[in-house]
Amino acid sequence: MSSNKFVKKRLVGLLLASMALSACNVDIVDSGDPVTDSSNNGGSDSSGSDNGTGGDDNGSDDSGSPGNNNGGDSGSDNGSDNGGDSGSDNGSDNGGDSGSDNGSGNTAGDVARGGTLYVDQCVACHGATGNGITAIDSTKQTYEGQSLGDYILNTMPPRSPGSCDAGCATDVAAYIRSWNDNAGKGGDNSGGNGNGSPSDDYQVPENNFAFNGDVENNLTNWGTTAGEISRSTSVKHGGSASAYITNRTSAWNGLTFDVGKLTQGNEYEVAVWVKLPEGSYDTVITLTAKRADDSDSSTYNEYTNIEMVTANDREWTLLQGYYTQTGTDFEHFIIESNDETISFYADDFSIGGEVADDNNGGNTGNDSNQRFFVGNITTSGRVRSDFAQYWDQITPENEGKWGSVEGTRDRYNWGGVDASYNYAKQHNILFKQHTFVWGSQYPKWMDSLSPSEQAAEIEEWIRDFCTRYPDVDMIDVVNEATPGHAPADYARSAFGNDWITKSFQLARKYCPNATLILNDYNVLTWNTDAFISMAKPAINAGVVDAIGLQSHGFEGWATDKLEANLNKIAALGLPIYISEYDVAKTNDQEQLRIMQSQFPMMYNHPSVKGITLWGYVYGRTWVDGSGLIREDGTHRPAMNWLLQYLKDHPKNNGGSDNNGDSNNDQTCDLPSKFNWTSTAPLITPHNSNWASIKDPTVVKYNNQYHVFATVFDTAKNNWGGVYMNFGDFSQANSAQQIDMSTTKTGNTVAPQVFYFEPQNKWYLIYQWGAKYSTNSDISNPSGWSAPKSLLSGGPNNGIDYWVICDDNYCYLFFSGDDGNLYRSKVSIGNFPNFSSYEIVMSDPVAGKLFEASNVYKVDGTNKYLLLVEAYGPRYFRSWTSTSLDGPWSPLADTQSNPFAGAANVTFNGNKWSDDISHGEMIRSGYNQKMTINACNMQYLYQGVDPNSGVSDYNKLPYKIGLISAN
């Protein structure tokens, strides 16, 4: 669709949408008007019955819905609208609230609660005739001796006769709000909210499937119809950031939010919080649903206005309503304003309702963020026929650079890019564009243009590329911008010192679904700090999705030094792509040695999401000696090693494939009976003050086991936590045990650790009270953040918290030593903000459903395995389900037939414990899906000598052992 058609359709759509607030038809109905039940002035009708008993619809129903709409309602009334509400009222609207009412009327279509005015014509259209305002003074409620009508007449500056624009409606709404605020009229909002805002009590839908509605994952799923979007960390409703739109020039310029596919005929609850910049006047913000364009030029079938509110610069306002999906396929939601130039913030977008089977909550960080790759580049401008045999991502080496595509102004040569892009789509591999804005290999005719012409050409180049290649996976948006490298002077001339951020904003505008990368060289060697200083402004603006690290010239660098600098870049909190790796050695064994040392470090780093090697055919690479195969296809030793390494260490989704399951080729179903063999104690407390070491959580990452556990410190008379790592369980007891109380986390009791891929962070879950900390490097104890609350509104007796996620939701299981198993649930986009809980199962004998619950996904099956500890002596019961929502069916759940316990565990050597207690399975992956392979089950557990003679539970000498299934 052409841009002119789009603008025309949106303006028409917004004009229709704003009829309830239109400049020439603003209706404010007195609460004593016959169309409204006078018994409901500012109250709260929760009965679900319609109290507007006049039945004659005297208030101009803008929505066009027939029947019993009462007194000027706009939108959908579900049976209990009380005197002229605008929006969708579901039975408890308080005396004329619209959307989120902050204690006063929100729009010019609202009842001024307890007010005295009926406005039949807008000020803007009849400024020459007393502004056309008629006061109906039935209740005599005034402020400073004025009725509401007189207050507006005497206070609001008149507009020119005939200048009928939407600004009038905004003014009227603002002055109604001011009158209500000053006069204190408008009822007591008695529906349970006092004089506060009903939006204060708004509850996000339990099944909220809006990924990144809280703007925590950069600007994923956020975009614009026009204007500029950025990520604000200084103004936010919750979390650490909000989306901010500026440079709007028309009413249809708005923020967009993508939630993925919606199901035809289903109703969805949609909400977003909005706020204006400081110093702004109050204005109306609208929430609109956009469907796919049809063939005509109208907007009737493509846009649905859901709700509108008056936003201000003093507090966040809830914009909330209901949308039913009909017609063409759903595209996205739009947050916009009839005020053509107003900037505004939006945050905490949420949507609840039935999730379509093929909906992933919008863009959860597109495929390139979820699919680890090892890729390469074209060879001398073409794609070799053997490319997909070795690589699963392609970058055009030179063909995609601006100077190659548009060497002559307005004459494009897309041939080389077409070849790579089409090859990628045909072979289902990822495509990365290299590059948009760079101070080298750009069209030299740019140097002779004025700044405004340069800006227009940069935007045209990005727009035309994205139009031709809409499904590009990744883009090196800005290349080599570190001072002293090759920053694009023409872009600085066009956009000023903010040229990097501006370039990314243009890329986001035209390629909204691509991963946008800031790429540079020498970052892991000489220029680490300089790169960080250059990158931080754009990263803080929220426009950069990932960092690209060119990796030429590492031959003389120690791997641990490269890793140290890689960790510094990872601390910026973004995914990392190794963008141009090669080992330039003509000697086969030297190349092999360096590859064997460096590649695994990068491949296994938790922040690295993909590696692109820079050429693979010997004699045809950018750097001599870096090729991995000969022209005839024979492999150099480094290539043979690399292929075997990738086969032995498959990696997707945190050690899992694209479905979140482990990469083990062999999978098994769970047996109905279990038998185990236990080791002797593998881990004992090292500190003489520690009476015990227990409650282990374990994950294998980067060929190391990482274990967090609980200790009881007799000197402190308190529980604490420790961390250790080792390569093999034979080394476990010799590993250093680091006291976590010396870190920002404090005491990490009863821990669980996993890597949460949507945020590229390690999470450590622990107690007392549900808490969590995050880290970019699991092996760095000092890198864990200070504790934050994991669950609001949980029971006071909650212990032993356990998180597991599927594709759409995260679940928090926990116990209370009271015979109940509890669970909380949150959408994966809102993790880790759990609130409220429910009981999953109960047992009248508390000790049979005691504590230490674990839940796992079984590889190669549709089953989840639930374990809960019972005591007498301690053993594990088990259940299975095909859903984390249950129901759960017993598997091995008795003391005589347990999952693991004294009845089915034998020992190598002397039996050292009757208890098989709190611990964790050895997982097949390390991400949030908690996968296990039933072919090779092992459980790291706590046990205690039954003959220890200790009766004080705190001082029981727990140790850690390992059981393996027979």
# chains A, B, ... in the order shown; residues from 1 in each chain; ligands from 1
>>> residues_around(residues="Ser896 in chain A", least_positions_apart="4", cutoff="12 Å", atoms="only C-alpha atoms", output="list of chain:residue names")
A:Lys673, A:Phe674, A:Asn675, A:Gly872, A:Pro873, A:Tyr875, A:Phe876, A:Arg877, A:Ala892, A:Ala900, A:Gly901, A:Ala902, A:Ala903, A:Asn904, A:Val905
>>> write_last_selection(atoms="C-alpha atoms", output="mmCIF file, in the first residue's frame")
data_model
loop_
_atom_site.group_PDB
_atom_site.id
_atom_site.type_symbol
_atom_site.label_atom_id
_atom_site.label_comp_id
_atom_site.auth_asym_id
_atom_site.auth_seq_id
_atom_site.Cartn_x
_atom_site.Cartn_y
_atom_site.Cartn_z
ATOM 1 C CA LYS A 673 9.002 -48.214 38.636
ATOM 2 C CA PHE A 674 12.441 -46.833 39.443
ATOM 3 C CA ASN A 675 15.634 -48.289 40.864
ATOM 4 C CA GLY A 872 9.309 -40.824 57.196
ATOM 5 C CA PRO A 873 12.254 -41.233 56.137
ATOM 6 C CA TYR A 875 11.505 -39.888 49.812
ATOM 7 C CA PHE A 876 10.143 -38.468 46.563
ATOM 8 C CA ARG A 877 6.676 -39.036 45.159
ATOM 9 C CA ALA A 892 5.411 -43.684 41.522
ATOM 10 C CA ALA A 900 13.358 -42.308 44.843
ATOM 11 C CA GLY A 901 13.656 -43.390 48.457
ATOM 12 C CA ALA A 902 14.955 -46.023 50.820
ATOM 13 C CA ALA A 903 12.779 -48.625 49.112
ATOM 14 C CA ASN A 904 14.525 -48.370 45.737
ATOM 15 C CA VAL A 905 18.015 -46.888 46.305
#
>>> residues_around(residues="Trp879 in chain A", least_positions_apart="5", cutoff="9 Å", atoms="only C-alpha atoms", output="list in words")
Tyr864, Leu865, Leu866, Leu867, Val868, Trp888, Ser889, Pro890, Leu891, Ala892 and Asp893 of chain A
>>> write_last_selection(atoms="all heavy atoms", output="mmCIF file, in the first residue's frame")
data_model
loop_
_atom_site.group_PDB
_atom_site.id
_atom_site.type_symbol
_atom_site.label_atom_id
_atom_site.label_comp_id
_atom_site.auth_asym_id
_atom_site.auth_seq_id
_atom_site.Cartn_x
_atom_site.Cartn_y
_atom_site.Cartn_z
ATOM 1 N N TYR A 864 5.351 -33.887 31.406
ATOM 2 C CA TYR A 864 6.050 -33.191 32.474
ATOM 3 C C TYR A 864 6.094 -34.117 33.690
ATOM 4 O O TYR A 864 5.140 -34.859 33.961
ATOM 5 C CB TYR A 864 5.356 -31.886 32.839
ATOM 6 C CG TYR A 864 5.468 -30.839 31.761
ATOM 7 C CD1 TYR A 864 4.485 -30.707 30.787
ATOM 8 C CD2 TYR A 864 6.569 -29.983 31.715
ATOM 9 C CE1 TYR A 864 4.592 -29.757 29.784
ATOM 10 C CE2 TYR A 864 6.691 -29.024 30.721
ATOM 11 C CZ TYR A 864 5.693 -28.918 29.758
ATOM 12 O OH TYR A 864 5.811 -27.970 28.766
ATOM 13 N N LEU A 865 7.197 -34.082 34.423
ATOM 14 C CA LEU A 865 7.384 -34.896 35.615
ATOM 15 C C LEU A 865 7.407 -33.983 36.835
ATOM 16 O O LEU A 865 8.208 -33.044 36.901
ATOM 17 C CB LEU A 865 8.700 -35.676 35.516
ATOM 18 C CG LEU A 865 9.137 -36.437 36.774
ATOM 19 C CD1 LEU A 865 8.173 -37.587 37.083
ATOM 20 C CD2 LEU A 865 10.569 -36.960 36.613
ATOM 21 N N LEU A 866 6.543 -34.255 37.801
ATOM 22 C CA LEU A 866 6.465 -33.496 39.043
ATOM 23 C C LEU A 866 6.955 -34.373 40.189
ATOM 24 O O LEU A 866 6.490 -35.508 40.349
ATOM 25 C CB LEU A 866 5.022 -33.062 39.302
ATOM 26 C CG LEU A 866 4.674 -32.559 40.722
ATOM 27 C CD1 LEU A 866 5.422 -31.264 41.045
ATOM 28 C CD2 LEU A 866 3.167 -32.366 40.867
ATOM 29 N N LEU A 867 7.870 -33.874 40.984
ATOM 30 C CA LEU A 867 8.375 -34.555 42.169
ATOM 31 C C LEU A 867 8.079 -33.706 43.393
ATOM 32 O O LEU A 867 8.262 -32.485 43.366
ATOM 33 C CB LEU A 867 9.893 -34.772 42.074
ATOM 34 C CG LEU A 867 10.441 -35.439 40.813
ATOM 35 C CD1 LEU A 867 11.967 -35.516 40.892
ATOM 36 C CD2 LEU A 867 9.844 -36.822 40.621
ATOM 37 N N VAL A 868 7.639 -34.342 44.471
ATOM 38 C CA VAL A 868 7.444 -33.667 45.750
ATOM 39 C C VAL A 868 7.962 -34.582 46.845
ATOM 40 O O VAL A 868 7.689 -35.791 46.850
ATOM 41 C CB VAL A 868 5.964 -33.316 46.012
ATOM 42 C CG1 VAL A 868 5.824 -32.576 47.351
ATOM 43 C CG2 VAL A 868 5.388 -32.461 44.890
ATOM 44 N N TRP A 888 -2.517 -33.702 37.208
ATOM 45 C CA TRP A 888 -1.360 -34.542 37.459
ATOM 46 C C TRP A 888 -1.813 -35.947 37.843
ATOM 47 O O TRP A 888 -2.637 -36.124 38.733
ATOM 48 C CB TRP A 888 -0.501 -33.939 38.570
ATOM 49 C CG TRP A 888 0.082 -32.619 38.172
ATOM 50 C CD1 TRP A 888 -0.428 -31.383 38.425
ATOM 51 C CD2 TRP A 888 1.281 -32.411 37.422
ATOM 52 N NE1 TRP A 888 0.370 -30.401 37.899
ATOM 53 C CE2 TRP A 888 1.438 -31.004 37.270
ATOM 54 C CE3 TRP A 888 2.243 -33.253 36.875
ATOM 55 C CZ2 TRP A 888 2.510 -30.449 36.591
ATOM 56 C CZ3 TRP A 888 3.307 -32.695 36.199
ATOM 57 C CH2 TRP A 888 3.443 -31.318 36.055
ATOM 58 N N SER A 889 -1.239 -36.944 37.158
ATOM 59 C CA SER A 889 -1.581 -38.340 37.405
ATOM 60 C C SER A 889 -0.452 -39.014 38.164
ATOM 61 O O SER A 889 0.730 -38.833 37.823
ATOM 62 C CB SER A 889 -1.813 -39.076 36.076
ATOM 63 O OG SER A 889 -2.852 -38.468 35.336
ATOM 64 N N PRO A 890 -0.769 -39.831 39.190
ATOM 65 C CA PRO A 890 0.287 -40.498 39.961
ATOM 66 C C PRO A 890 1.147 -41.393 39.076
ATOM 67 O O PRO A 890 0.651 -42.066 38.177
ATOM 68 C CB PRO A 890 -0.498 -41.317 40.987
ATOM 69 C CG PRO A 890 -1.836 -40.659 41.080
ATOM 70 C CD PRO A 890 -2.117 -40.124 39.708
ATOM 71 N N LEU A 891 2.452 -41.380 39.329
ATOM 72 C CA LEU A 891 3.386 -42.266 38.627
ATOM 73 C C LEU A 891 3.944 -43.282 39.622
ATOM 74 O O LEU A 891 3.500 -44.423 39.676
ATOM 75 C CB LEU A 891 4.500 -41.459 37.973
ATOM 76 C CG LEU A 891 5.583 -42.270 37.245
ATOM 77 C CD1 LEU A 891 4.990 -43.072 36.102
ATOM 78 C CD2 LEU A 891 6.682 -41.344 36.726
ATOM 79 N N ALA A 892 4.900 -42.875 40.415
ATOM 80 C CA ALA A 892 5.411 -43.684 41.522
ATOM 81 C C ALA A 892 5.303 -42.794 42.743
ATOM 82 O O ALA A 892 6.131 -41.905 42.937
ATOM 83 C CB ALA A 892 6.848 -44.111 41.249
ATOM 84 N N ASP A 893 4.267 -42.993 43.556
ATOM 85 C CA ASP A 893 3.913 -41.963 44.533
ATOM 86 C C ASP A 893 3.667 -42.511 45.933
ATOM 87 O O ASP A 893 2.997 -41.863 46.738
ATOM 88 C CB ASP A 893 2.688 -41.183 44.059
ATOM 89 C CG ASP A 893 1.407 -41.978 44.156
ATOM 90 O OD1 ASP A 893 1.457 -43.204 43.965
ATOM 91 O OD2 ASP A 893 0.350 -41.373 44.423
#
>>> select_by_dssp(residues="range 253-490 of chain A", states="strand (DSSP E)", output="PyMOL selection string")
chain A and resi 255-257+267-275+283-291+303-311+317-324+330-336+344-352+373-377+393-395+430-438+474-479
>>> closest_residue(among="A:Asn565, A:Thr559, A:Asn808, A:Asn376", to="Phe599 in chain A", atoms="only C-alpha atoms")
A:Thr559
>>> select_by_dssp(residues="range 196-352 of chain A", states="helix (DSSP H, G or I)", output="JSON, numbers by chain")
{"A": [198, 199, 200, 201]}
>>> residues_around(residues="Phe729 in chain A", least_positions_apart="3", cutoff="12 Å", atoms="only C-alpha atoms", output="PyMOL selection string")
chain A and resi 679-683+698+700+703-707+724-726+732-735+922+938+940+960-963
>>> write_last_selection(atoms="N, CA and C atoms", output="PDB file, in the first residue's frame")
ATOM      1  N   THR A 679      26.011 -42.940  45.055  1.00  0.00           N
ATOM      2  CA  THR A 679      27.424 -42.776  45.368  1.00  0.00           C
ATOM      3  C   THR A 679      27.588 -42.598  46.878  1.00  0.00           C
ATOM      4  N   ALA A 680      28.810 -42.608  47.330  1.00  0.00           N
ATOM      5  CA  ALA A 680      29.146 -42.092  48.659  1.00  0.00           C
ATOM      6  C   ALA A 680      28.958 -40.575  48.625  1.00  0.00           C
ATOM      7  N   PRO A 681      29.004 -39.908  49.764  1.00  0.00           N
ATOM      8  CA  PRO A 681      28.889 -38.447  49.731  1.00  0.00           C
ATOM      9  C   PRO A 681      29.930 -37.828  48.799  1.00  0.00           C
ATOM     10  N   LEU A 682      29.453 -36.955  47.897  1.00  0.00           N
ATOM     11  CA  LEU A 682      30.341 -36.293  46.934  1.00  0.00           C
ATOM     12  C   LEU A 682      30.755 -34.904  47.386  1.00  0.00           C
ATOM     13  N   ILE A 683      29.888 -34.234  48.133  1.00  0.00           N
ATOM     14  CA  ILE A 683      30.155 -32.854  48.549  1.00  0.00           C
ATOM     15  C   ILE A 683      29.882 -32.746  50.044  1.00  0.00           C
ATOM     16  N   VAL A 698      21.720 -27.785  40.344  1.00  0.00           N
ATOM     17  CA  VAL A 698      22.880 -28.069  39.506  1.00  0.00           C
ATOM     18  C   VAL A 698      22.517 -27.863  38.047  1.00  0.00           C
ATOM     19  N   LYS A 700      24.669 -28.062  34.075  1.00  0.00           N
ATOM     20  CA  LYS A 700      25.916 -28.244  33.347  1.00  0.00           C
ATOM     21  C   LYS A 700      25.957 -27.239  32.215  1.00  0.00           C
ATOM     22  N   ASN A 703      30.722 -27.217  29.770  1.00  0.00           N
ATOM     23  CA  ASN A 703      31.477 -28.379  30.224  1.00  0.00           C
ATOM     24  C   ASN A 703      31.838 -28.321  31.697  1.00  0.00           C
ATOM     25  N   GLN A 704      31.125 -27.525  32.452  1.00  0.00           N
ATOM     26  CA  GLN A 704      31.317 -27.441  33.895  1.00  0.00           C
ATOM     27  C   GLN A 704      29.973 -27.640  34.592  1.00  0.00           C
ATOM     28  N   TYR A 705      30.006 -28.361  35.722  1.00  0.00           N
ATOM     29  CA  TYR A 705      28.839 -28.409  36.592  1.00  0.00           C
ATOM     30  C   TYR A 705      28.889 -27.198  37.521  1.00  0.00           C
ATOM     31  N   HIS A 706      27.770 -26.492  37.597  1.00  0.00           N
ATOM     32  CA  HIS A 706      27.655 -25.336  38.488  1.00  0.00           C
ATOM     33  C   HIS A 706      26.629 -25.703  39.556  1.00  0.00           C
ATOM     34  N   VAL A 707      27.050 -25.689  40.813  1.00  0.00           N
ATOM     35  CA  VAL A 707      26.196 -26.113  41.910  1.00  0.00           C
ATOM     36  C   VAL A 707      26.046 -24.973  42.922  1.00  0.00           C
ATOM     37  N   MET A 724      29.809 -23.486  43.793  1.00  0.00           N
ATOM     38  CA  MET A 724      31.033 -24.167  43.359  1.00  0.00           C
ATOM     39  C   MET A 724      30.852 -24.610  41.922  1.00  0.00           C
ATOM     40  N   ASN A 725      31.957 -24.879  41.235  1.00  0.00           N
ATOM     41  CA  ASN A 725      31.876 -25.473  39.902  1.00  0.00           C
ATOM     42  C   ASN A 725      33.022 -26.449  39.717  1.00  0.00           C
ATOM     43  N   PHE A 726      32.798 -27.443  38.859  1.00  0.00           N
ATOM     44  CA  PHE A 726      33.786 -28.487  38.635  1.00  0.00           C
ATOM     45  C   PHE A 726      33.460 -29.179  37.321  1.00  0.00           C
ATOM     46  N   ALA A 732      34.147 -32.895  42.645  1.00  0.00           N
ATOM     47  CA  ALA A 732      33.171 -32.030  43.316  1.00  0.00           C
ATOM     48  C   ALA A 732      33.647 -31.583  44.695  1.00  0.00           C
ATOM     49  N   ASN A 733      34.178 -32.499  45.487  1.00  0.00           N
ATOM     50  CA  ASN A 733      34.495 -32.137  46.868  1.00  0.00           C
ATOM     51  C   ASN A 733      35.770 -31.310  46.986  1.00  0.00           C
ATOM     52  N   SER A 734      36.568 -31.293  45.919  1.00  0.00           N
ATOM     53  CA  SER A 734      37.778 -30.469  45.946  1.00  0.00           C
ATOM     54  C   SER A 734      37.535 -29.073  45.376  1.00  0.00           C
ATOM     55  N   ALA A 735      36.343 -28.837  44.831  1.00  0.00           N
ATOM     56  CA  ALA A 735      36.028 -27.513  44.263  1.00  0.00           C
ATOM     57  C   ALA A 735      35.891 -26.483  45.371  1.00  0.00           C
ATOM     58  N   ILE A 922      19.904 -34.076  37.133  1.00  0.00           N
ATOM     59  CA  ILE A 922      20.897 -33.566  36.195  1.00  0.00           C
ATOM     60  C   ILE A 922      20.172 -33.344  34.876  1.00  0.00           C
ATOM     61  N   GLN A 938      19.844 -38.997  36.528  1.00  0.00           N
ATOM     62  CA  GLN A 938      20.650 -38.866  37.726  1.00  0.00           C
ATOM     63  C   GLN A 938      20.044 -37.762  38.590  1.00  0.00           C
ATOM     64  N   LEU A 940      20.934 -35.337  42.018  1.00  0.00           N
ATOM     65  CA  LEU A 940      21.845 -34.853  43.050  1.00  0.00           C
ATOM     66  C   LEU A 940      21.006 -34.544  44.289  1.00  0.00           C
ATOM     67  N   ILE A 960      25.921 -34.165  50.324  1.00  0.00           N
ATOM     68  CA  ILE A 960      25.311 -34.272  48.993  1.00  0.00           C
ATOM     69  C   ILE A 960      25.875 -35.477  48.261  1.00  0.00           C
ATOM     70  N   GLY A 961      24.956 -36.298  47.725  1.00  0.00           N
ATOM     71  CA  GLY A 961      25.344 -37.452  46.935  1.00  0.00           C
ATOM     72  C   GLY A 961      24.599 -37.480  45.614  1.00  0.00           C
ATOM     73  N   LEU A 962      24.882 -38.491  44.804  1.00  0.00           N
ATOM     74  CA  LEU A 962      24.291 -38.606  43.477  1.00  0.00           C
ATOM     75  C   LEU A 962      23.723 -40.007  43.307  1.00  0.00           C
ATOM     76  N   ILE A 963      22.444 -40.090  42.879  1.00  0.00           N
ATOM     77  CA  ILE A 963      21.872 -41.376  42.523  1.00  0.00           C
ATOM     78  C   ILE A 963      21.720 -41.443  41.008  1.00  0.00           C
TER      79      ILE A 963
END
>>> closest_residue(among="A:Trp526, A:Phe333, A:Tyr577, A:Tyr723", to="Ala546 in chain A", atoms="only C-alpha atoms")
A:Tyr577
>>> atom_distance(atom1="CA of Gln454 in chain A", atom2="CA of Trp438 in chain A")
13.5 Å
>>> atom_distance(atom1="CA of Gly553 in chain A", atom2="CA of Ala584 in chain A")
7.5 Å
>>> atom_distance(atom1="CA of Ser672 in chain A", atom2="CA of Thr861 in chain A")
15.0 Å
>>> decode(residues="range 240-247 of chain A", atoms="all heavy atoms", output="CSV table (one decimal), in the first residue's frame")
chain,number,residue,atom,x,y,z
A,240,SER,N,12.1,-1.0,34.2
A,240,SER,CA,13.3,-0.1,34.0
A,240,SER,C,13.1,0.8,32.8
A,240,SER,O,14.0,1.7,32.6
A,240,SER,CB,14.6,-0.9,33.8
A,240,SER,OG,14.5,-1.8,32.6
A,241,ALA,N,12.0,0.7,32.0
A,241,ALA,CA,11.9,1.5,30.8
A,241,ALA,C,10.5,1.6,30.3
A,241,ALA,O,9.6,0.8,30.7
A,241,ALA,CB,12.9,0.9,29.7
A,242,SER,N,10.3,2.5,29.4
A,242,SER,CA,9.0,2.7,28.6
A,242,SER,C,9.4,3.0,27.2
A,242,SER,O,10.5,3.3,26.8
A,242,SER,CB,8.2,3.8,29.2
A,242,SER,OG,8.8,5.1,29.0
A,243,ALA,N,8.3,2.9,26.3
A,243,ALA,CA,8.5,3.3,24.9
A,243,ALA,C,8.1,4.7,24.8
A,243,ALA,O,7.1,5.2,25.4
A,243,ALA,CB,7.6,2.4,24.0
A,244,TYR,N,8.8,5.5,24.0
A,244,TYR,CA,8.6,7.0,23.9
A,244,TYR,C,8.6,7.3,22.4
A,244,TYR,O,9.5,7.0,21.7
A,244,TYR,CB,9.7,7.7,24.6
A,244,TYR,CG,9.6,9.2,24.7
A,244,TYR,CD1,8.4,9.8,24.9
A,244,TYR,CD2,10.8,10.0,24.5
A,244,TYR,CE1,8.3,11.2,24.9
A,244,TYR,CE2,10.7,11.4,24.6
A,244,TYR,CZ,9.5,12.0,24.8
A,244,TYR,OH,9.4,13.4,24.9
A,245,ILE,N,7.5,8.0,22.0
A,245,ILE,CA,7.4,8.4,20.6
A,245,ILE,C,7.5,10.0,20.6
A,245,ILE,O,6.9,10.7,21.3
A,245,ILE,CB,6.1,8.0,20.0
A,245,ILE,CG1,6.1,8.4,18.5
A,245,ILE,CG2,4.8,8.5,20.7
A,245,ILE,CD1,4.9,7.7,17.7
A,246,THR,N,8.3,10.4,19.6
A,246,THR,CA,8.6,11.9,19.4
A,246,THR,C,8.5,12.1,17.9
A,246,THR,O,8.3,11.2,17.1
A,246,THR,CB,9.9,12.3,19.9
A,246,THR,OG1,10.9,11.5,19.3
A,246,THR,CG2,10.0,12.1,21.4
A,247,ASN,N,8.6,13.4,17.5
A,247,ASN,CA,8.6,13.9,16.1
A,247,ASN,C,7.4,13.4,15.4
A,247,ASN,O,7.4,13.0,14.2
A,247,ASN,CB,9.9,13.4,15.4
A,247,ASN,CG,11.1,14.1,16.0
A,247,ASN,OD1,11.0,15.2,16.6
A,247,ASN,ND2,12.2,13.5,15.8
